[in-house]
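A quick write-up on the structure given underneath.
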Amino acid sequence: MTEKRISTLFLLSSIIFVGLAIIGGIRAYSPIPFWDMWDGYLGFYVKVTSGDWSAWWAQHNEHRIVLARLFFWLDLAFFKGQGWFLIIVNYALQSMVCILFWVIWKETKGEKNNWLGFFLICWLFWWIQKNNLEWGFQSQFILAQLLP
């Protein structure tokens with residue numbers, strides 16, 4: 001099989017994987033907070049709206065999730081805590097991870113093996129990532145791939 005055919009096959013596969021991941025996210029959506037969201041999302045918002053500004057920098061387990069808390073605050077303050085904003089953020093961040101890895105791949109390998117870039121998109125949107133995609137509280141883990 002030629003390089004062009006392999007690339008086309010993986011391009012089509014990546015479109016299917018992203019499409020199925022979006023369908024999965026829509027079907028799995030729930031506005032009800034899940035697990036760590038009760039304290040790390042709602043508890044954080046209650047503290048901040050009560051005047052405890054230190055909640056922005058407070059640790060969540062062993063992590064400082066300041067940027068994720070910005071998303072949480074936006075969701076609760078502007079989108080009434082429905083959670084769909086956070087899901088969209090997760091998909092957008094995962095897309096940025098794909099772009100970042102694609103750029104790194106191109107800088108190191110040039111035009112060689114384009115199909116691996118499409119394979120990477122399949123890998124990052126594979127439904128094995130469902131918890132990272134469908135759970136609004138996961139943006140900090142995706143951000144860990146994007147930011148040093």
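If you're wondering about the labels, chains in the structure tokens are A, B, ... by order shown, residues count from 1 in each chain, ligands from 1 in order shown.
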- Message: At a cut-off of 12 Å, using only C-alpha atoms, what residues contact Gly40 in chain A? Leave out same-chain residues fewer than 3 positions from it and give the result as a PyMOL selection string.
- Response: chain A and resi 33-37+43-48+55-61+63-66+68-73+136-138+140
Put those residues in a file: C-alpha atoms, as a PDB file, in the first residue's frame.
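Saved to again_32.pdb:
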ATOM      1  CA  PRO A  33     -21.799  16.749  39.105  1.00  0.00           C
ATOM      2  CA  PHE A  34     -19.795  13.560  39.382  1.00  0.00           C
ATOM      3  CA  TRP A  35     -17.224  12.451  41.956  1.00  0.00           C
ATOM      4  CA  ASP A  36     -14.573  15.165  42.509  1.00  0.00           C
ATOM      5  CA  MET A  37     -16.851  17.792  41.011  1.00  0.00           C
ATOM      6  CA  GLY A  43     -17.167  23.593  46.662  1.00  0.00           C
ATOM      7  CA  PHE A  44     -14.614  25.823  44.967  1.00  0.00           C
ATOM      8  CA  TYR A  45     -17.337  28.064  43.533  1.00  0.00           C
ATOM      9  CA  VAL A  46     -19.100  28.389  46.875  1.00  0.00           C
ATOM     10  CA  LYS A  47     -15.823  29.412  48.543  1.00  0.00           C
ATOM     11  CA  VAL A  48     -14.983  31.992  45.866  1.00  0.00           C
ATOM     12  CA  ALA A  55      -9.687  28.905  46.849  1.00  0.00           C
ATOM     13  CA  TRP A  56      -8.276  29.764  43.405  1.00  0.00           C
ATOM     14  CA  TRP A  57      -4.788  28.639  44.487  1.00  0.00           C
ATOM     15  CA  ALA A  58      -5.762  25.924  46.978  1.00  0.00           C
ATOM     16  CA  GLN A  59      -4.582  22.398  46.289  1.00  0.00           C
ATOM     17  CA  HIS A  60      -6.927  19.782  44.943  1.00  0.00           C
ATOM     18  CA  ASN A  61      -5.391  16.557  46.203  1.00  0.00           C
ATOM     19  CA  HIS A  63      -2.467  19.466  42.353  1.00  0.00           C
ATOM     20  CA  ARG A  64      -2.989  23.175  41.846  1.00  0.00           C
ATOM     21  CA  ILE A  65      -5.656  23.413  39.186  1.00  0.00           C
ATOM     22  CA  VAL A  66      -5.897  27.178  38.723  1.00  0.00           C
ATOM     23  CA  ALA A  68      -9.187  24.362  35.349  1.00  0.00           C
ATOM     24  CA  ARG A  69     -10.843  26.387  38.104  1.00  0.00           C
ATOM     25  CA  LEU A  70     -11.151  29.282  35.685  1.00  0.00           C
ATOM     26  CA  PHE A  71     -13.187  26.977  33.426  1.00  0.00           C
ATOM     27  CA  PHE A  72     -15.237  25.790  36.419  1.00  0.00           C
ATOM     28  CA  TRP A  73     -15.966  29.364  37.442  1.00  0.00           C
ATOM     29  CA  GLY A 136     -16.125  18.167  32.911  1.00  0.00           C
ATOM     30  CA  PHE A 137     -13.635  17.925  35.762  1.00  0.00           C
ATOM     31  CA  GLN A 138     -10.857  16.482  33.598  1.00  0.00           C
ATOM     32  CA  GLN A 140      -6.584  19.865  34.142  1.00  0.00           C
TER      33      GLN A 140
END
- Asn131 in chain A: which residues within 12 Å, counting only C-alpha atoms, same-chain residues fewer than 5 positions away excluded, as a PyMOL selection string? chain A and resi 21+24-25+28-29+34-35+87+90-91+125-126+136-139+141-142
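Note that DSSP on the backbone gives strand (DSSP E) to these residues of chain A: Gln59, His60, His63 and Arg64 of chain A.
Separating CA of Leu11 in chain A from CA of Val89 in chain A is a distance of 23.5 Å.
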- Could you tell me, as a list in words, which residues of range 14-63 of chain A DSSP assigns to alpha helix (DSSP H) when given the backbone? Ser14, Ile15, Ile16, Phe17, Val18, Gly19, Leu20, Ala21, Ile22, Ile23, Gly24, Gly25, Ile26, Arg27, Ala28, Met37, Phe44, Tyr45, Val46, Lys47, Val48 and Thr49 of chain A
Write to file, as a PDB file, in the first residue's frame, the residues of the selection just made, with N, CA and C atoms.
ATOM      1  N   SER A  14      -9.521   8.954  11.310  1.00  0.00           N
ATOM      2  CA  SER A  14      -9.507  10.019  12.323  1.00  0.00           C
ATOM      3  C   SER A  14     -10.812  10.804  12.305  1.00  0.00           C
ATOM      4  N   ILE A  15     -11.381  11.025  11.134  1.00  0.00           N
ATOM      5  CA  ILE A  15     -12.682  11.704  11.045  1.00  0.00           C
ATOM      6  C   ILE A  15     -13.754  10.870  11.740  1.00  0.00           C
ATOM      7  N   ILE A  16     -13.733   9.568  11.510  1.00  0.00           N
ATOM      8  CA  ILE A  16     -14.698   8.666  12.152  1.00  0.00           C
ATOM      9  C   ILE A  16     -14.502   8.660  13.665  1.00  0.00           C
ATOM     10  N   PHE A  17     -13.262   8.562  14.120  1.00  0.00           N
ATOM     11  CA  PHE A  17     -12.987   8.527  15.560  1.00  0.00           C
ATOM     12  C   PHE A  17     -13.450   9.810  16.246  1.00  0.00           C
ATOM     13  N   VAL A  18     -13.155  10.960  15.644  1.00  0.00           N
ATOM     14  CA  VAL A  18     -13.575  12.231  16.236  1.00  0.00           C
ATOM     15  C   VAL A  18     -15.103  12.320  16.239  1.00  0.00           C
ATOM     16  N   GLY A  19     -15.719  11.925  15.132  1.00  0.00           N
ATOM     17  CA  GLY A  19     -17.181  11.936  15.063  1.00  0.00           C
ATOM     18  C   GLY A  19     -17.818  11.047  16.113  1.00  0.00           C
ATOM     19  N   LEU A  20     -17.287   9.844  16.270  1.00  0.00           N
ATOM     20  CA  LEU A  20     -17.821   8.930  17.286  1.00  0.00           C
ATOM     21  C   LEU A  20     -17.576   9.453  18.700  1.00  0.00           C
ATOM     22  N   ALA A  21     -16.441  10.103  18.914  1.00  0.00           N
ATOM     23  CA  ALA A  21     -16.165  10.687  20.236  1.00  0.00           C
ATOM     24  C   ALA A  21     -17.151  11.809  20.548  1.00  0.00           C
ATOM     25  N   ILE A  22     -17.500  12.593  19.548  1.00  0.00           N
ATOM     26  CA  ILE A  22     -18.487  13.660  19.750  1.00  0.00           C
ATOM     27  C   ILE A  22     -19.855  13.060  20.049  1.00  0.00           C
ATOM     28  N   ILE A  23     -20.241  12.043  19.287  1.00  0.00           N
ATOM     29  CA  ILE A  23     -21.516  11.360  19.551  1.00  0.00           C
ATOM     30  C   ILE A  23     -21.514  10.768  20.959  1.00  0.00           C
ATOM     31  N   GLY A  24     -20.413  10.146  21.344  1.00  0.00           N
ATOM     32  CA  GLY A  24     -20.303   9.578  22.690  1.00  0.00           C
ATOM     33  C   GLY A  24     -20.433  10.636  23.761  1.00  0.00           C
ATOM     34  N   GLY A  25     -19.817  11.794  23.547  1.00  0.00           N
ATOM     35  CA  GLY A  25     -19.915  12.889  24.510  1.00  0.00           C
ATOM     36  C   GLY A  25     -21.334  13.413  24.646  1.00  0.00           C
ATOM     37  N   ILE A  26     -22.037  13.495  23.528  1.00  0.00           N
ATOM     38  CA  ILE A  26     -23.431  13.951  23.558  1.00  0.00           C
ATOM     39  C   ILE A  26     -24.301  12.939  24.296  1.00  0.00           C
ATOM     40  N   ARG A  27     -24.108  11.670  23.984  1.00  0.00           N
ATOM     41  CA  ARG A  27     -24.929  10.623  24.620  1.00  0.00           C
ATOM     42  C   ARG A  27     -24.623  10.462  26.105  1.00  0.00           C
ATOM     43  N   ALA A  28     -23.388  10.714  26.510  1.00  0.00           N
ATOM     44  CA  ALA A  28     -22.990  10.509  27.909  1.00  0.00           C
ATOM     45  C   ALA A  28     -23.209  11.751  28.771  1.00  0.00           C
ATOM     46  N   MET A  37     -16.212  16.525  41.352  1.00  0.00           N
ATOM     47  CA  MET A  37     -16.851  17.792  41.011  1.00  0.00           C
ATOM     48  C   MET A  37     -17.600  18.392  42.196  1.00  0.00           C
ATOM     49  N   PHE A  44     -15.479  24.704  45.353  1.00  0.00           N
ATOM     50  CA  PHE A  44     -14.614  25.823  44.967  1.00  0.00           C
ATOM     51  C   PHE A  44     -15.449  27.072  44.680  1.00  0.00           C
ATOM     52  N   TYR A  45     -16.498  26.921  43.914  1.00  0.00           N
ATOM     53  CA  TYR A  45     -17.337  28.064  43.533  1.00  0.00           C
ATOM     54  C   TYR A  45     -17.999  28.702  44.751  1.00  0.00           C
ATOM     55  N   VAL A  46     -18.479  27.875  45.648  1.00  0.00           N
ATOM     56  CA  VAL A  46     -19.100  28.389  46.875  1.00  0.00           C
ATOM     57  C   VAL A  46     -18.084  29.198  47.677  1.00  0.00           C
ATOM     58  N   LYS A  47     -16.863  28.689  47.794  1.00  0.00           N
ATOM     59  CA  LYS A  47     -15.823  29.412  48.543  1.00  0.00           C
ATOM     60  C   LYS A  47     -15.509  30.758  47.892  1.00  0.00           C
ATOM     61  N   VAL A  48     -15.335  30.753  46.572  1.00  0.00           N
ATOM     62  CA  VAL A  48     -14.983  31.992  45.866  1.00  0.00           C
ATOM     63  C   VAL A  48     -16.114  33.009  45.962  1.00  0.00           C
ATOM     64  N   THR A  49     -17.343  32.570  45.757  1.00  0.00           N
ATOM     65  CA  THR A  49     -18.464  33.512  45.826  1.00  0.00           C
ATOM     66  C   THR A  49     -18.743  33.978  47.252  1.00  0.00           C
TER      67      THR A  49
END
- Item | Nearest residue to Val97 in chain A from the set A:Met1, A:Leu133, A:Leu124, A:Leu12 (distances using only C-alpha atoms) | A:Leu124
- Between CA of Trp135 in chain A and CA of Ala77 in chain A, what is the spacing in Å? 18.6 Å
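Separating CA of Ala92 in chain A from CA of Thr108 in chain A is a distance of 24.4 Å.
Residues in contact with Ile99 in chain A at 10 Å, where only C-alpha atoms are counted and same-chain residues fewer than 5 positions away are skipped, are listed as Leu93, Gln94, Ile104, Trp105, Gly117, Leu120 and Ile121 of chain A.
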For the residues in that selection, give me N, CA and C atoms as a tab-separated table (two decimals), in the first residue's frame.
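Written output follows (part.tsv):
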chain	number	residue	atom	x	y	z
A	93	LEU	N	-9.60	21.35	24.12
A	93	LEU	CA	-8.24	21.11	24.63
A	93	LEU	C	-7.63	19.86	24.00
A	94	GLN	N	-8.43	18.81	23.86
A	94	GLN	CA	-7.92	17.58	23.24
A	94	GLN	C	-7.54	17.84	21.78
A	104	ILE	N	4.75	19.09	16.52
A	104	ILE	CA	6.01	18.49	16.98
A	104	ILE	C	6.45	17.38	16.03
A	105	TRP	N	5.50	16.56	15.60
A	105	TRP	CA	5.81	15.47	14.66
A	105	TRP	C	6.36	16.04	13.36
A	117	GLY	N	0.36	11.11	12.00
A	117	GLY	CA	-0.38	12.24	12.57
A	117	GLY	C	-1.86	11.94	12.68
A	120	LEU	N	-2.43	9.52	15.40
A	120	LEU	CA	-2.41	10.22	16.69
A	120	LEU	C	-3.78	10.81	17.02
A	121	ILE	N	-4.44	11.40	16.03
A	121	ILE	CA	-5.79	11.93	16.24
A	121	ILE	C	-6.73	10.81	16.66
- Query: Using only C-alpha atoms, which of the listed residues (A:Asp75, A:Phe118, A:Leu146, A:Asn132) sits closest to Leu100 in chain A?
  - Reply: A:Leu146
